[in-house]
$ cat input_36.cif   # mmCIF, C-alpha atoms
data_upload
loop_
_atom_site.group_PDB
_atom_site.id
_atom_site.type_symbol
_atom_site.label_atom_id
_atom_site.label_comp_id
_atom_site.auth_asym_id
_atom_site.auth_seq_id
_atom_site.Cartn_x
_atom_site.Cartn_y
_atom_site.Cartn_z
ATOM 1 C CA MET A 1 -7.757 14.761 -13.460
ATOM 2 C CA THR A 2 -5.351 15.994 -16.136
ATOM 3 C CA SER A 3 -6.722 17.997 -19.040
ATOM 4 C CA PRO A 4 -8.395 15.937 -21.788
ATOM 5 C CA ARG A 5 -6.286 17.846 -24.292
ATOM 6 C CA ALA A 6 -3.040 16.515 -22.832
ATOM 7 C CA GLU A 7 -1.517 13.587 -24.693
ATOM 8 C CA PRO A 8 -0.992 10.390 -22.670
ATOM 9 C CA ILE A 9 2.618 9.551 -21.891
ATOM 10 C CA ALA A 10 3.462 6.589 -24.128
ATOM 11 C CA ALA A 11 6.341 5.509 -21.868
ATOM 12 C CA LEU A 12 4.090 5.282 -18.781
ATOM 13 C CA SER A 13 2.004 2.308 -17.697
ATOM 14 C CA VAL A 14 -0.391 2.552 -14.767
ATOM 15 C CA ALA A 15 -0.689 -0.761 -12.913
ATOM 16 C CA ILE A 16 -3.597 -1.600 -10.602
ATOM 17 C CA ILE A 17 -4.110 -4.786 -8.602
ATOM 18 C CA ALA A 18 -7.627 -5.100 -7.225
ATOM 19 C CA SER A 19 -10.432 -7.307 -5.960
ATOM 20 C CA ASN A 20 -14.093 -6.366 -5.403
ATOM 21 C CA GLU A 21 -13.382 -2.641 -5.831
ATOM 22 C CA GLU A 22 -16.296 -1.538 -8.017
ATOM 23 C CA ARG A 23 -17.131 1.211 -5.534
ATOM 24 C CA HIS A 24 -13.782 2.967 -5.902
ATOM 25 C CA ILE A 25 -11.943 1.869 -9.010
ATOM 26 C CA GLY A 26 -13.765 4.067 -11.529
ATOM 27 C CA ASP A 27 -12.548 7.279 -9.896
ATOM 28 C CA ALA A 28 -9.018 5.865 -9.633
ATOM 29 C CA LEU A 29 -8.967 5.120 -13.349
ATOM 30 C CA SER A 30 -10.505 8.484 -14.173
ATOM 31 C CA SER A 31 -7.574 10.208 -12.475
ATOM 32 C CA VAL A 32 -5.015 8.556 -14.824
ATOM 33 C CA VAL A 33 -6.878 7.751 -18.035
ATOM 34 C CA ASN A 34 -5.397 10.793 -19.817
ATOM 35 C CA LEU A 35 -1.986 10.466 -18.201
ATOM 36 C CA ALA A 36 -0.708 7.002 -19.150
ATOM 37 C CA GLY A 37 -0.145 5.244 -22.447
ATOM 38 C CA GLU A 38 -1.747 2.127 -20.987
ATOM 39 C CA ILE A 39 -3.519 0.874 -17.881
ATOM 40 C CA VAL A 40 -2.902 -2.699 -16.748
ATOM 41 C CA ALA A 41 -5.340 -4.178 -14.223
ATOM 42 C CA VAL A 42 -4.563 -7.478 -12.498
ATOM 43 C CA ILE A 43 -7.817 -8.613 -10.904
ATOM 44 C CA ASP A 44 -7.987 -11.275 -8.214
ATOM 45 C CA SER A 45 -9.850 -14.268 -9.663
ATOM 46 C CA ARG A 46 -11.891 -14.409 -6.442
ATOM 47 C CA SER A 47 -13.418 -11.001 -7.207
ATOM 48 C CA ARG A 48 -17.187 -11.221 -7.653
ATOM 49 C CA ASP A 49 -18.261 -7.695 -8.549
ATOM 50 C CA ALA A 50 -17.932 -5.461 -11.613
ATOM 51 C CA THR A 51 -14.301 -4.435 -11.000
ATOM 52 C CA ALA A 52 -12.974 -6.092 -14.175
ATOM 53 C CA ALA A 53 -15.798 -4.723 -16.333
ATOM 54 C CA ILE A 54 -15.238 -1.165 -15.084
ATOM 55 C CA CYS A 55 -11.536 -1.451 -15.890
ATOM 56 C CA GLN A 56 -12.384 -2.597 -19.405
ATOM 57 C CA ASP A 57 -14.735 0.381 -19.795
ATOM 58 C CA TYR A 58 -11.742 2.658 -19.161
ATOM 59 C CA GLY A 59 -9.673 0.881 -21.808
ATOM 60 C CA ALA A 60 -7.482 -1.079 -19.404
ATOM 61 C CA ARG A 61 -5.874 -4.371 -20.325
ATOM 62 C CA VAL A 62 -7.455 -6.700 -17.766
ATOM 63 C CA TYR A 63 -5.945 -9.928 -16.448
ATOM 64 C CA VAL A 64 -8.037 -12.056 -14.084
ATOM 65 C CA GLU A 65 -5.548 -14.209 -12.210
ATOM 66 C CA PRO A 66 -5.129 -16.189 -8.954
ATOM 67 C CA TRP A 67 -4.091 -14.209 -5.892
ATOM 68 C CA ARG A 68 -0.361 -14.573 -5.175
ATOM 69 C CA GLY A 69 0.054 -12.098 -2.319
ATOM 70 C CA PHE A 70 0.714 -8.368 -2.656
ATOM 71 C CA PRO A 71 4.421 -8.372 -3.665
ATOM 72 C CA ALA A 72 4.078 -11.284 -6.112
ATOM 73 C CA GLN A 73 0.979 -9.695 -7.639
ATOM 74 C CA ARG A 74 2.860 -6.431 -8.129
ATOM 75 C CA ASN A 75 5.743 -8.302 -9.772
ATOM 76 C CA ARG A 76 3.240 -9.936 -12.096
ATOM 77 C CA ALA A 77 1.873 -6.504 -12.990
ATOM 78 C CA LEU A 78 5.397 -5.264 -13.711
ATOM 79 C CA ASP A 79 5.891 -8.178 -16.098
ATOM 80 C CA LEU A 80 2.631 -7.389 -17.919
ATOM 81 C CA CYS A 81 3.326 -3.668 -18.400
ATOM 82 C CA ALA A 82 4.879 -2.429 -21.619
ATOM 83 C CA GLY A 83 5.921 1.086 -20.590
ATOM 84 C CA ALA A 84 9.440 1.993 -19.559
ATOM 85 C CA TRP A 85 7.880 3.556 -16.442
ATOM 86 C CA VAL A 86 5.215 2.079 -14.174
ATOM 87 C CA LEU A 87 2.982 3.964 -11.758
ATOM 88 C CA PHE A 88 1.286 1.698 -9.222
ATOM 89 C CA LEU A 89 -2.120 2.952 -8.129
ATOM 90 C CA ASP A 90 -4.538 1.310 -5.697
ATOM 91 C CA ALA A 91 -8.281 1.346 -6.336
ATOM 92 C CA ASP A 92 -8.888 3.635 -3.351
ATOM 93 C CA GLU A 93 -6.271 6.166 -4.487
ATOM 94 C CA ARG A 94 -6.464 9.117 -6.841
ATOM 95 C CA VAL A 95 -3.686 10.912 -8.728
ATOM 96 C CA MET A 96 -4.213 14.567 -7.881
ATOM 97 C CA PRO A 97 -3.835 17.156 -10.678
ATOM 98 C CA ASP A 98 -0.566 18.586 -9.338
ATOM 99 C CA LEU A 99 0.974 15.103 -9.273
ATOM 100 C CA ALA A 100 -0.229 14.307 -12.797
ATOM 101 C CA ASP A 101 1.354 17.522 -14.088
ATOM 102 C CA GLU A 102 4.603 16.776 -12.271
ATOM 103 C CA ILE A 103 4.809 13.213 -13.585
ATOM 104 C CA ARG A 104 4.216 14.495 -17.097
ATOM 105 C CA ALA A 105 6.962 17.116 -16.755
ATOM 106 C CA VAL A 106 9.506 14.698 -15.267
ATOM 107 C CA LEU A 107 8.968 11.841 -17.709
ATOM 108 C CA THR A 108 8.802 13.981 -20.834
ATOM 109 C CA GLY A 109 11.808 16.031 -19.719
ATOM 110 C CA GLY A 110 14.018 13.018 -18.996
ATOM 111 C CA THR A 111 15.507 11.817 -15.723
ATOM 112 C CA ASP A 112 18.256 9.484 -14.540
ATOM 113 C CA ARG A 113 16.263 8.393 -11.451
ATOM 114 C CA ALA A 114 15.160 4.764 -11.076
ATOM 115 C CA GLY A 115 12.046 5.747 -9.152
ATOM 116 C CA PHE A 116 10.152 8.424 -7.256
ATOM 117 C CA TRP A 117 8.568 8.577 -3.811
ATOM 118 C CA ILE A 118 5.130 10.199 -3.795
ATOM 119 C CA PRO A 119 3.530 11.807 -0.709
ATOM 120 C CA ARG A 120 -0.007 10.737 0.085
ATOM 121 C CA HIS A 121 -2.946 12.407 1.800
ATOM 122 C CA ASN A 122 -4.894 9.876 3.876
ATOM 123 C CA LEU A 123 -8.617 10.297 4.541
ATOM 124 C CA PHE A 124 -10.048 8.538 7.597
ATOM 125 C CA PHE A 125 -13.822 8.886 7.957
ATOM 126 C CA GLY A 126 -13.615 11.838 5.557
ATOM 127 C CA GLN A 127 -10.953 13.707 7.567
ATOM 128 C CA ARG A 128 -7.548 14.398 6.025
ATOM 129 C CA LEU A 129 -4.935 13.452 8.598
ATOM 130 C CA GLN A 130 -1.945 15.615 9.450
ATOM 131 C CA GLY A 131 0.056 13.417 11.825
ATOM 132 C CA GLY A 132 0.417 9.949 13.321
ATOM 133 C CA GLY A 133 2.525 8.668 10.425
ATOM 134 C CA TRP A 134 -0.325 9.159 7.956
ATOM 135 C CA TYR A 135 1.280 12.230 6.421
ATOM 136 C CA PRO A 136 3.339 12.650 4.330
ATOM 137 C CA ASP A 137 3.147 8.826 4.083
ATOM 138 C CA GLU A 138 5.500 8.703 1.090
ATOM 139 C CA GLN A 139 5.045 5.732 -1.234
ATOM 140 C CA LEU A 140 7.552 4.418 -3.784
ATOM 141 C CA ARG A 141 5.080 4.074 -6.652
ATOM 142 C CA LEU A 142 6.671 5.492 -9.804
ATOM 143 C CA MET A 143 9.542 3.344 -11.079
ATOM 144 C CA ARG A 144 11.472 2.223 -14.113
ATOM 145 C CA ARG A 145 10.027 -1.163 -14.993
ATOM 146 C CA ASP A 146 13.334 -2.860 -15.779
ATOM 147 C CA ARG A 147 14.978 -1.632 -12.548
ATOM 148 C CA ALA A 148 12.273 -2.595 -10.041
ATOM 149 C CA ARG A 149 11.287 -5.768 -8.190
ATOM 150 C CA TYR A 150 9.254 -6.477 -5.068
ATOM 151 C CA ASN A 151 10.504 -8.677 -2.236
ATOM 152 C CA GLU A 152 8.028 -11.561 -2.223
ATOM 153 C CA ALA A 153 9.035 -12.654 1.290
ATOM 154 C CA ARG A 154 7.406 -9.523 2.690
ATOM 155 C CA LEU A 155 3.706 -10.320 2.974
ATOM 156 C CA VAL A 156 2.343 -6.845 3.811
ATOM 157 C CA HIS A 157 3.378 -3.200 3.350
ATOM 158 C CA GLU A 158 5.426 -4.368 0.403
ATOM 159 C CA PHE A 159 7.948 -2.080 -1.231
ATOM 160 C CA ALA A 160 9.938 -2.117 -4.452
ATOM 161 C CA MET A 161 13.668 -2.709 -4.529
ATOM 162 C CA LEU A 162 15.189 -0.451 -7.181
ATOM 163 C CA ASP A 163 18.464 -0.652 -9.045
ATOM 164 C CA GLY A 164 19.393 3.013 -8.976
ATOM 165 C CA PRO A 165 18.785 6.319 -7.173
ATOM 166 C CA THR A 166 15.387 7.717 -6.251
ATOM 167 C CA ASP A 167 13.916 11.179 -5.833
ATOM 168 C CA ARG A 168 10.710 12.691 -4.430
ATOM 169 C CA MET A 169 7.652 14.206 -6.021
ATOM 170 C CA ARG A 170 5.903 17.272 -4.612
ATOM 171 C CA GLY A 171 2.458 16.357 -5.971
ATOM 172 C CA HIS A 172 0.214 14.032 -3.998
ATOM 173 C CA LEU A 173 -1.830 10.884 -4.128
ATOM 174 C CA LEU A 174 -5.178 11.011 -2.342
ATOM 175 C CA HIS A 175 -5.940 7.837 -0.378
ATOM 176 C CA LEU A 176 -9.518 7.099 0.720
ATOM 177 C CA ASN A 177 -8.099 4.981 3.506
ATOM 178 C CA ILE A 178 -10.944 4.180 5.900
ATOM 179 C CA GLU A 179 -14.631 5.048 5.681
ATOM 180 C CA ARG A 180 -16.193 2.690 8.288
ATOM 181 C CA ILE A 181 -15.185 1.222 11.658
ATOM 182 C CA ASP A 182 -15.626 -2.372 10.484
ATOM 183 C CA GLU A 183 -13.350 -1.624 7.531
ATOM 184 C CA LEU A 184 -10.660 -0.291 9.882
ATOM 185 C CA TRP A 185 -10.879 -3.347 12.124
ATOM 186 C CA ARG A 186 -10.841 -5.826 9.227
ATOM 187 C CA LYS A 187 -7.930 -4.154 7.451
ATOM 188 C CA GLN A 188 -5.741 -3.739 10.544
ATOM 189 C CA ARG A 189 -6.409 -7.300 11.702
ATOM 190 C CA SER A 190 -5.334 -8.603 8.295
ATOM 191 C CA TYR A 191 -2.177 -6.461 8.403
ATOM 192 C CA ALA A 192 -1.352 -7.636 11.938
ATOM 193 C CA ILE A 193 -1.656 -11.306 10.974
ATOM 194 C CA GLN A 194 0.455 -10.881 7.851
ATOM 195 C CA GLU A 195 3.108 -8.946 9.784
ATOM 196 C CA ALA A 196 3.200 -11.770 12.356
ATOM 197 C CA GLN A 197 3.658 -14.306 9.566
ATOM 198 C CA THR A 198 6.516 -12.249 8.126
ATOM 199 C CA LEU A 199 8.189 -12.093 11.567
ATOM 200 C CA PHE A 200 7.696 -15.851 11.932
ATOM 201 C CA LEU A 201 9.349 -16.544 8.569
ATOM 202 C CA ASP A 202 12.230 -14.262 9.561
ATOM 203 C CA GLY A 203 12.753 -16.299 12.752
ATOM 204 C CA ALA A 204 11.778 -13.475 15.118
ATOM 205 C CA PRO A 205 11.552 -14.624 18.768
ATOM 206 C CA VAL A 206 8.435 -14.298 20.911
ATOM 207 C CA ARG A 207 9.050 -12.196 24.018
ATOM 208 C CA TRP A 208 6.417 -11.701 26.698
ATOM 209 C CA ARG A 209 7.523 -8.135 27.299
ATOM 210 C CA SER A 210 6.536 -7.326 23.713
ATOM 211 C CA PHE A 211 2.865 -7.688 24.676
ATOM 212 C CA ILE A 212 3.229 -4.509 26.752
ATOM 213 C CA GLY A 213 6.255 -2.789 25.268
ATOM 214 C CA ALA A 214 5.290 -3.006 21.586
ATOM 215 C CA PRO A 215 1.828 -1.378 21.924
ATOM 216 C CA ALA A 216 3.199 1.266 24.315
ATOM 217 C CA ARG A 217 5.981 2.148 21.897
ATOM 218 C CA GLU A 218 3.590 2.217 18.936
ATOM 219 C CA PHE A 219 1.183 4.572 20.691
ATOM 220 C CA TYR A 220 3.979 6.923 21.790
ATOM 221 C CA ARG A 221 5.563 6.855 18.326
ATOM 222 C CA ARG A 222 2.345 7.715 16.524
ATOM 223 C CA PHE A 223 0.699 10.069 19.013
ATOM 224 C CA VAL A 224 3.770 11.972 20.271
ATOM 225 C CA THR A 225 6.754 11.489 17.942
ATOM 226 C CA LEU A 226 4.682 11.568 14.732
ATOM 227 C CA HIS A 227 2.280 14.230 16.074
ATOM 228 C CA GLY A 228 -0.918 12.172 16.000
ATOM 229 C CA TYR A 229 -2.301 14.630 18.555
ATOM 230 C CA ARG A 230 -2.679 17.143 15.718
ATOM 231 C CA ASP A 231 -5.724 15.196 14.512
ATOM 232 C CA GLY A 232 -7.612 15.592 17.787
ATOM 233 C CA ALA A 233 -9.995 12.897 19.001
ATOM 234 C CA LEU A 234 -9.706 10.972 15.748
ATOM 235 C CA GLY A 235 -5.915 10.982 16.057
ATOM 236 C CA LEU A 236 -6.131 9.645 19.613
ATOM 237 C CA PHE A 237 -8.526 6.884 18.543
ATOM 238 C CA LEU A 238 -6.413 5.834 15.562
ATOM 239 C CA CYS A 239 -3.133 5.791 17.508
ATOM 240 C CA ALA A 240 -4.776 3.674 20.224
ATOM 241 C CA THR A 241 -6.141 1.340 17.551
ATOM 242 C CA MET A 242 -2.714 0.854 16.030
ATOM 243 C CA ALA A 243 -1.300 0.108 19.489
ATOM 244 C CA TYR A 244 -4.011 -2.512 20.081
ATOM 245 C CA PHE A 245 -3.166 -4.307 16.854
ATOM 246 C CA GLU A 246 0.440 -4.586 17.988
ATOM 247 C CA VAL A 247 -0.972 -6.878 20.678
ATOM 248 C CA VAL A 248 -2.914 -8.813 18.020
ATOM 249 C CA LYS A 249 0.274 -9.211 15.989
ATOM 250 C CA HIS A 250 2.271 -10.651 18.896
ATOM 251 C CA VAL A 251 -0.568 -12.943 19.961
ATOM 252 C CA HIS A 252 -0.636 -14.364 16.450
ATOM 253 C CA LEU A 253 3.169 -14.662 16.374
ATOM 254 C CA LYS A 254 3.064 -16.621 19.631
ATOM 255 C CA GLY A 255 0.395 -18.878 18.142
ATOM 256 C CA LEU A 256 2.798 -19.727 15.313
ATOM 257 C CA THR A 257 5.592 -20.780 17.709
ATOM 258 C CA PRO A 258 4.586 -24.494 17.824
ATOM 259 C CA PHE A 259 4.916 -24.625 14.038
ATOM 260 C CA ARG A 260 8.494 -23.384 14.355
ATOM 261 C CA ARG A 261 9.238 -26.185 16.830
ATOM 262 C CA ASN A 262 7.727 -28.746 14.471
ATOM 263 C CA LEU A 263 9.852 -27.430 11.618
ATOM 264 C CA SER A 264 12.967 -27.691 13.784
ATOM 265 C CA LEU A 265 12.148 -31.302 14.715
ATOM 266 C CA ARG A 266 11.664 -32.260 11.083
ATOM 267 C CA ARG A 267 15.099 -30.943 10.223
#

$ encode --input "input_36.cif" --output "structure tokens"
Amino acid sequence: MTSPRAEPIAALSVAIIASNEERHIGDALSSVVNLAGEIVAVIDSRSRDATAAICQDYGARVYVEPWRGFPAQRNRALDLCAGAWVLFLDADERVMPDLADEIRAVLTGGTDRAGFWIPRHNLFFGQRLQGGGWYPDEQLRLMRRDRARYNEARLVHEFAMLDGPTDRMRGHLLHLNIERIDELWRKQRSYAIQEAQTLFLDGAPVRWRSFIGAPAREFYRRFVTLHGYRDGALGLFLCATMAYFEVVKHVHLKGLTPFRRNLSLRR
């Protein structure tokens, strides 16, 4: 956390979209409460825990709204923010002190960049990963509000489209990615289904060879090319898990194929 004596940056808004995150969101807010001029929390109206109340306790402006999907929800948050700059933070992330200091120096010193990529440390079962694509895991999270928009056709792993050049921060986010096996399975299954839906909407074909080739390529990419082996047994397990969910993705994509035929017939 930044020093309590440091003045918040009036030009910076922190935006959080969340649902049922009472376990994590307090520490996320604590890491930015002295950094930003305002915190804007867009809470999924289906949330049933104390997430909204905790945000209010930290002085956030809270909006409880219907779920629109990740990119549309982020665009809504952009519209609600007042700062010239917006830092997106997830409930299971923390702004580390070196990053907070760097953001403060960059924004108070002036910059012509439209946004900044931020490296992220990922914790899986309490272990900080070194390879497999989970580090440096750069995220485009700090952006000029009036020069950023998210592509709402992309249902998962959304990213901002910026009007202008970007740069990179040296400071880090800390991501409490996965703490339990059931959480890993639930999250990756959701991602696989949403990725399949995105491929379907893009008109991607279903190829039988993808059921073998895609998981094989994913495992090799993560374990060998991206050095997943550096994380030992956990790295092996995670790379194999990601390969398995490539199969899940293509099974779901194949299941959507009849809907594509029906759409073609209607036209």

$ residues_around --input "input_36.cif" --residues "segment 228-232 of chain A" --least-positions-apart "5" --cutoff "9 Å" --atoms "only C-alpha atoms" --output "JSON, numbers by chain"
{"A": [127, 128, 129, 130, 131, 132, 133, 134, 221, 222, 223, 237, 238, 239]}

$ closest_residue --input "input_36.cif" --among "A:Trp67, A:Phe211, A:Phe159, A:Tyr191" --to "Ser45 of chain A" --atoms "all atoms listed in the file"
A:Trp67

$ atom_distance --input "input_36.cif" --atom1 "atom CA of Ala28 of chain A" --atom2 "atom CA of Gly109 of chain A"
25.3 Å

$ resolve_selection --input "input_36.cif" --expression "the PyMOL selection byres ((chain A and resi 88) around 6)" --output "list in words"
Val14, Ala15, Leu87, Leu89 and Arg141 of chain A

$ atom_distance --input "input_36.cif" --atom1 "atom CA of Ala148 of chain A" --atom2 "atom CA of Ala84 of chain A"
10.9 Å

$ axis_aligned_box --input "input_36.cif" --around "segment 222-228 of chain A" --padding-each-side "5 Å" --output "JSON"
{"center_x": 2.9, "center_y": 11.0, "center_z": 17.5, "size_x": 17.7, "size_y": 16.5, "size_z": 15.5}

$ residues_around --input "input_36.cif" --residues "Ala53 of chain A" --least-positions-apart "3" --cutoff "12 Å" --atoms "all atoms listed in the file" --output "PyMOL selection string"
chain A and resi 19-22+25-26+41+43+47-50+56-64

$ closest_atom_pairs --input "input_36.cif" --of "segment 102-145 of chain A" --to "segment 165-183 of chain A" --cutoff "6 Å" --atoms "only C-alpha atoms" --output "Markdown table"
| residue | atom | partner | partner_atom | distance |
| --- | --- | --- | --- | --- |
| A:Arg113 | CA | A:Thr166 | CA | 5.3 |
| A:Ala114 | CA | A:Pro165 | CA | 5.5 |
| A:Gly115 | CA | A:Thr166 | CA | 4.8 |
| A:Phe116 | CA | A:Asp167 | CA | 4.9 |
| A:Trp117 | CA | A:Arg168 | CA | 4.7 |
| A:Ile118 | CA | A:Met169 | CA | 5.2 |
| A:Pro119 | CA | A:His172 | CA | 5.2 |
| A:Arg120 | CA | A:Leu173 | CA | 4.6 |
| A:His121 | CA | A:Leu174 | CA | 4.9 |
| A:Asn122 | CA | A:His175 | CA | 4.8 |
| A:Leu123 | CA | A:Leu176 | CA | 5.1 |
| A:Phe124 | CA | A:Ile178 | CA | 4.8 |
| A:Phe125 | CA | A:Glu179 | CA | 4.5 |

$ closest_residue --input "input_36.cif" --among "A:Val247, A:Ile9, A:Ala52, A:Leu80" --to "Ile103 of chain A" --atoms "all atoms listed in the file"
A:Ile9

$ closest_residue --input "input_36.cif" --among "A:Thr241, A:Thr225, A:Thr108, A:Ser13" --to "Arg186 of chain A" --atoms "all atoms listed in the file"
A:Thr241

$ atom_distance --input "input_36.cif" --atom1 "atom CA of Arg23 of chain A" --atom2 "atom CA of Gln194 of chain A"
25.2 Å

$ residues_near_point --input "input_36.cif" --point "(-6.7, 11.1, -19.5)" --cutoff "12 Å" --atoms "only C-alpha atoms" --output "ChimeraX atom specification"
/A:1-9,14,27-39,58-59,95,97,100-101,104

$ closest_residue --input "input_36.cif" --among "A:Arg189, A:Arg209, A:Arg144, A:Arg149" --to "Ala82 of chain A" --atoms "all atoms listed in the file"
A:Arg144

$ decode --input "input_36.cif" --residues "segment 6-82 of chain A" --atoms "C-alpha atoms" --output "tab-separated table (two decimals), in the first residue's frame"
chain	number	residue	atom	x	y	z
A	6	ALA	CA	0.73	10.61	-0.03
A	7	GLU	CA	-2.02	12.63	-1.67
A	8	PRO	CA	-4.39	10.71	-3.98
A	9	ILE	CA	-4.00	11.45	-7.67
A	10	ALA	CA	-7.05	13.52	-8.60
A	11	ALA	CA	-6.74	12.59	-12.29
A	12	LEU	CA	-6.85	8.84	-11.56
A	13	SER	CA	-9.94	6.67	-11.18
A	14	VAL	CA	-9.68	3.05	-10.11
A	15	ALA	CA	-12.41	0.91	-11.67
A	16	ILE	CA	-13.45	-2.49	-10.30
A	17	ILE	CA	-16.09	-4.83	-11.69
A	18	ALA	CA	-17.02	-7.59	-9.27
A	19	SER	CA	-19.55	-10.14	-8.08
A	20	ASN	CA	-19.55	-12.10	-4.79
A	21	GLU	CA	-15.98	-11.03	-3.96
A	22	GLU	CA	-16.26	-10.18	-0.26
A	23	ARG	CA	-13.34	-12.49	0.50
A	24	HIS	CA	-10.87	-10.56	-1.65
A	25	ILE	CA	-12.12	-7.10	-2.48
A	26	GLY	CA	-11.17	-5.38	0.78
A	27	ASP	CA	-7.45	-6.00	0.24
A	28	ALA	CA	-7.74	-4.89	-3.39
A	29	LEU	CA	-9.30	-1.60	-2.33
A	30	SER	CA	-6.77	-1.16	0.46
A	31	SER	CA	-3.96	-1.28	-2.09
A	32	VAL	CA	-5.36	1.75	-4.01
A	33	VAL	CA	-7.37	3.77	-1.51
A	34	ASN	CA	-4.55	6.31	-1.08
A	35	LEU	CA	-3.54	6.27	-4.73
A	36	ALA	CA	-6.64	7.31	-6.68
A	37	GLY	CA	-8.90	10.34	-6.57
A	38	GLU	CA	-11.90	8.03	-6.80
A	39	ILE	CA	-12.83	4.35	-6.84
A	40	VAL	CA	-15.73	3.23	-9.03
A	41	ALA	CA	-17.18	-0.23	-8.36
A	42	VAL	CA	-19.64	-1.79	-10.81
A	43	ILE	CA	-21.22	-4.72	-8.97
A	44	ASP	CA	-23.11	-7.48	-10.73
A	45	SER	CA	-26.76	-7.27	-9.63
A	46	ARG	CA	-26.69	-11.05	-9.10
A	47	SER	CA	-24.11	-10.66	-6.32
A	48	ARG	CA	-25.45	-11.88	-2.98
A	49	ASP	CA	-22.67	-11.17	-0.50
A	50	ALA	CA	-21.21	-8.04	1.11
A	51	THR	CA	-19.12	-6.95	-1.89
A	52	ALA	CA	-21.04	-3.70	-2.45
A	53	ALA	CA	-21.05	-2.81	1.26
A	54	ILE	CA	-17.28	-3.34	1.55
A	55	CYS	CA	-16.73	-1.07	-1.45
A	56	GLN	CA	-18.85	1.62	0.17
A	57	ASP	CA	-16.81	1.28	3.37
A	58	TYR	CA	-13.72	2.21	1.35
A	59	GLY	CA	-15.43	5.28	-0.08
A	60	ALA	CA	-16.09	3.85	-3.54
A	61	ARG	CA	-18.94	5.02	-5.73
A	62	VAL	CA	-20.94	1.81	-6.11
A	63	TYR	CA	-23.23	0.93	-9.01
A	64	VAL	CA	-25.23	-2.30	-8.81
A	65	GLU	CA	-26.12	-3.15	-12.39
A	66	PRO	CA	-27.09	-6.11	-14.63
A	67	TRP	CA	-24.24	-8.22	-15.97
A	68	ARG	CA	-23.39	-7.33	-19.58
A	69	GLY	CA	-20.29	-9.47	-20.13
A	70	PHE	CA	-16.71	-8.50	-19.28
A	71	PRO	CA	-15.94	-6.03	-22.11
A	72	ALA	CA	-19.32	-4.27	-21.93
A	73	GLN	CA	-19.05	-4.04	-18.14
A	74	ARG	CA	-15.60	-2.47	-18.46
A	75	ASN	CA	-16.95	0.04	-20.99
A	76	ARG	CA	-19.70	0.90	-18.54
A	77	ALA	CA	-17.08	1.48	-15.85
A	78	LEU	CA	-15.13	3.75	-18.20
A	79	ASP	CA	-18.27	5.81	-18.75
A	80	LEU	CA	-18.86	6.15	-15.00
A	81	CYS	CA	-15.31	7.25	-14.13
A	82	ALA	CA	-14.49	10.94	-13.87
